[in-house]
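The structure appears below as structure tokens.
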Amino acid sequence: MAIDPTSPVPKYSQLRDLLLDWIVETGLSVDDPIPSERELGQRYGLSRMTVRQTIDLLVSEGKLYRVPGKGTFLARPKIEMSLALASFTEDMRARGFRPGAQDLVRRVLPASGSTARDMGLAPETPVHHIERLRTADGEPMAVERSNIPVDLAPGLDKRNLAGRSLYAVLEQDYGIILDSGEQTIEAAVCDPADAKLLGLPQNSAVLSMRRRSFANGRCVELATSRYRADRYTLHSRLDPRRPGGS
């Protein structure tokens, strides 16, 4: 395949598609190098500036990464973020990764005004506040912060959560089966503390998630999480359009 100079598609965009096809056809593996900008320019008859624009685009999309002084390499594929009511542990295992968790904060606190309102609790109701760094195959992926009413899970702050799903602990140890939930996901800039935990440069983009999980109509958990935007992509199934809809 070659660049079509008569195409209305910009040359850098054509090169992007050609490179992605080449990566698949050659069976390139994660962390394998791609040809240099000079080699790509010669191969496709493009200027160094156009090639660099393409590489910059693929790096920003998380498909490639640069190592100064060494070259450009194939990045790990992004993980599709589950939009179902599933725990991080369950989700990672289903995708073939080894989930992990590092305790950051475990304490009982009076619910703040906003937390109490969002969870339907009386002001200053005691809640378990749990902060964990979540990993997949040892790589930092997300920082999770959960609030759970103490009366629903007494002694949760003393439970060992290493290698366990929080939802599984609630079900197996407390008989709480989550049956519904709601979550919002938006783009955000990572604060310095979370950036350090996630191994990201300051001011990196993250996916900010806020979730409320319910059991029998009661809010069991209010969670906020920061996910690495360079390692996640969102995927949603679209149902058929209903007749008469716009």
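In the structure tokens, chains take the letters A, B, ... in the order shown, each chain's residues start at 1, and ligands count up from 1 in the order shown.
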Skip Ser60 of chain A itself and residues of its chain fewer than 4 positions away, then list as a PyMOL selection string all residues within 12 Å of it, counting only C-alpha atoms.
-> chain A and resi 53-56+64-66+75+204-205+229-231
Which residues in segment 78-226 of chain A does DSSP call strand (DSSP E)? List them as an MDAnalysis selection string.
-> chainID A and resid 79:81 99:110 126:136 139:149 180:189 205:215 218:226
Could the residues of segment 84-171 of chain A that have an atom at most 8 Å from segment 209-223 of chain A be listed as CSV, each with its closest atom pair and the distance in Å to one decimal, counting only C-alpha atoms and ordered by chain and ascending residue number?
```
residue,atom,partner,partner_atom,distance
A:Leu85,CA,A:Ser213,CA,7.9
A:Thr115,CA,A:Leu222,CA,7.6
A:Asp118,CA,A:Leu222,CA,7.7
A:Met119,CA,A:Cys219,CA,5.5
A:Gly120,CA,A:Cys219,CA,7.2
A:Glu144,CA,A:Ala223,CA,7.0
A:Arg145,CA,A:Ala223,CA,5.5
A:Ser146,CA,A:Ala223,CA,4.2
A:Asn147,CA,A:Leu222,CA,5.2
A:Ile148,CA,A:Glu221,CA,4.9
A:Pro149,CA,A:Val220,CA,6.8
A:Leu152,CA,A:Val220,CA,7.6
```
Find the residues around Ser13 of chain A up to 12 Å (only C-alpha atoms counted), leave out those fewer than 2 positions away in its own chain, and share them as a ChimeraX atom specification.
-> /A:3-5,7-11,15-20,50-58
Interatomic distance between atom CA of Arg76 of chain A and atom CA of Arg38 of chain A?
->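 One can read the atom CA of Arg76 of chain A to atom CA of Arg38 of chain A distance as 24.2 Å.
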How many Å lie between atom CA of Arg98 of chain A and atom CA of Ala136 of chain A, rounded to one decimal?
->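 Value for the atom CA of Arg98 of chain A-atom CA of Ala136 of chain A distance: 5.4 Å.
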If we count only C-alpha atoms, what is near segment 102-105 of chain A at a cut-off of 8 Å, once residues fewer than 2 positions away on the same chain are taken out, given as a list in words?
-> Gly100, Arg107, His129, Ile130, Glu131, Arg132, Leu133, Arg134 and Ala162 of chain A
Export N, CA and C atoms of the chosen residues as a PDB file, in the first residue's frame?
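Below is the file selection_10.pdb, written as the result:
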```pdb
ATOM      1  N   GLY A 100      -4.633  -6.794  41.243  1.00  0.00           N
ATOM      2  CA  GLY A 100      -3.961  -6.575  42.517  1.00  0.00           C
ATOM      3  C   GLY A 100      -4.490  -5.324  43.181  1.00  0.00           C
ATOM      4  N   ARG A 107     -10.071   3.571  57.072  1.00  0.00           N
ATOM      5  CA  ARG A 107     -10.485   4.153  58.342  1.00  0.00           C
ATOM      6  C   ARG A 107     -11.992   4.371  58.354  1.00  0.00           C
ATOM      7  N   HIS A 129     -14.133   4.340  54.941  1.00  0.00           N
ATOM      8  CA  HIS A 129     -13.488   5.027  53.817  1.00  0.00           C
ATOM      9  C   HIS A 129     -12.269   4.196  53.420  1.00  0.00           C
ATOM     10  N   ILE A 130     -12.311   3.661  52.208  1.00  0.00           N
ATOM     11  CA  ILE A 130     -11.264   2.744  51.735  1.00  0.00           C
ATOM     12  C   ILE A 130     -10.653   3.300  50.459  1.00  0.00           C
ATOM     13  N   GLU A 131      -9.337   3.487  50.488  1.00  0.00           N
ATOM     14  CA  GLU A 131      -8.622   3.931  49.287  1.00  0.00           C
ATOM     15  C   GLU A 131      -7.622   2.848  48.902  1.00  0.00           C
ATOM     16  N   ARG A 132      -7.659   2.456  47.618  1.00  0.00           N
ATOM     17  CA  ARG A 132      -6.757   1.402  47.153  1.00  0.00           C
ATOM     18  C   ARG A 132      -6.184   1.757  45.782  1.00  0.00           C
ATOM     19  N   LEU A 133      -4.937   1.358  45.570  1.00  0.00           N
ATOM     20  CA  LEU A 133      -4.318   1.443  44.257  1.00  0.00           C
ATOM     21  C   LEU A 133      -4.563   0.100  43.578  1.00  0.00           C
ATOM     22  N   ARG A 134      -5.215   0.107  42.420  1.00  0.00           N
ATOM     23  CA  ARG A 134      -5.533  -1.121  41.723  1.00  0.00           C
ATOM     24  C   ARG A 134      -4.526  -1.348  40.598  1.00  0.00           C
ATOM     25  N   ALA A 162      -6.511  -7.884  50.493  1.00  0.00           N
ATOM     26  CA  ALA A 162      -5.450  -8.188  49.520  1.00  0.00           C
ATOM     27  C   ALA A 162      -5.898  -9.312  48.595  1.00  0.00           C
TER      28      ALA A 162
END
```
Once DSSP has gone over the backbone, tell me which residues of segment 101-170 of chain A are in helix (DSSP H, G or I), as a PyMOL selection string.
-> chain A and resi 113-119+156-158+166-170
Pick from A:Glu61, A:Gly69, A:Pro77, A:Thr6, whichever lies nearest to Ser29 of chain A using only C-alpha atoms |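 For Ser29 of chain A, the nearest of the candidates is A:Pro77.
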Which of A:Leu161, A:Leu40, A:Val67, A:Ile177 sits closest to Ala101 of chain A [using only C-alpha atoms] |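 The answer is A:Leu161, which sits nearest to Ala101 of chain A.
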In terms of only C-alpha atoms, the residue from A:Ala153, A:Ala188, A:Leu28, A:Ala193 at minimal distance from Gly175 of chain A is A:Ala153
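Residues in contact with segment 121-124 of chain A at up to 8 Å, not including ones fewer than 2 positions away on its chain and judged by only C-alpha atoms, are Pro110, Ala111, Ser112, Gly113, Ala116, Arg117, Asp118, Met119 and Pro126 of chain A.
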Which of these, A:Asp151, A:Asp173, A:Asp91, A:Asp31, has the shortest distance to Lys70 of chain A once you count only C-alpha atoms?
->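 The answer is A:Asp31, which sits nearest to Lys70 of chain A.
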So what do you get for atom CA of Gln14 of chain A versus atom CA of Ala187 of chain A, distance-wise?
->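 A separation of 28.0 Å between them.
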Near-Tyr227 of chain A list (6 Å; only C-alpha atoms; drop same-chain fewer than 3 positions) as a list in words | Met141, Ala142, Val206 and Leu207 of chain A
For N, CA and C atoms, I'd like the residues from the last selection saved as a CSV table (one decimal), in the first residue's frame.
```
chain,number,residue,atom,x,y,z
A,141,MET,N,-3.1,0.9,37.6
A,141,MET,CA,-4.2,1.2,36.6
A,141,MET,C,-5.2,2.2,37.1
A,142,ALA,N,-5.5,2.2,38.5
A,142,ALA,CA,-6.5,3.1,39.0
A,142,ALA,C,-6.3,3.3,40.5
A,206,VAL,N,-6.9,11.6,32.8
A,206,VAL,CA,-7.4,10.4,33.5
A,206,VAL,C,-8.9,10.3,33.2
A,207,LEU,N,-9.4,9.1,33.4
A,207,LEU,CA,-10.9,9.0,33.3
A,207,LEU,C,-11.4,9.0,34.8
```
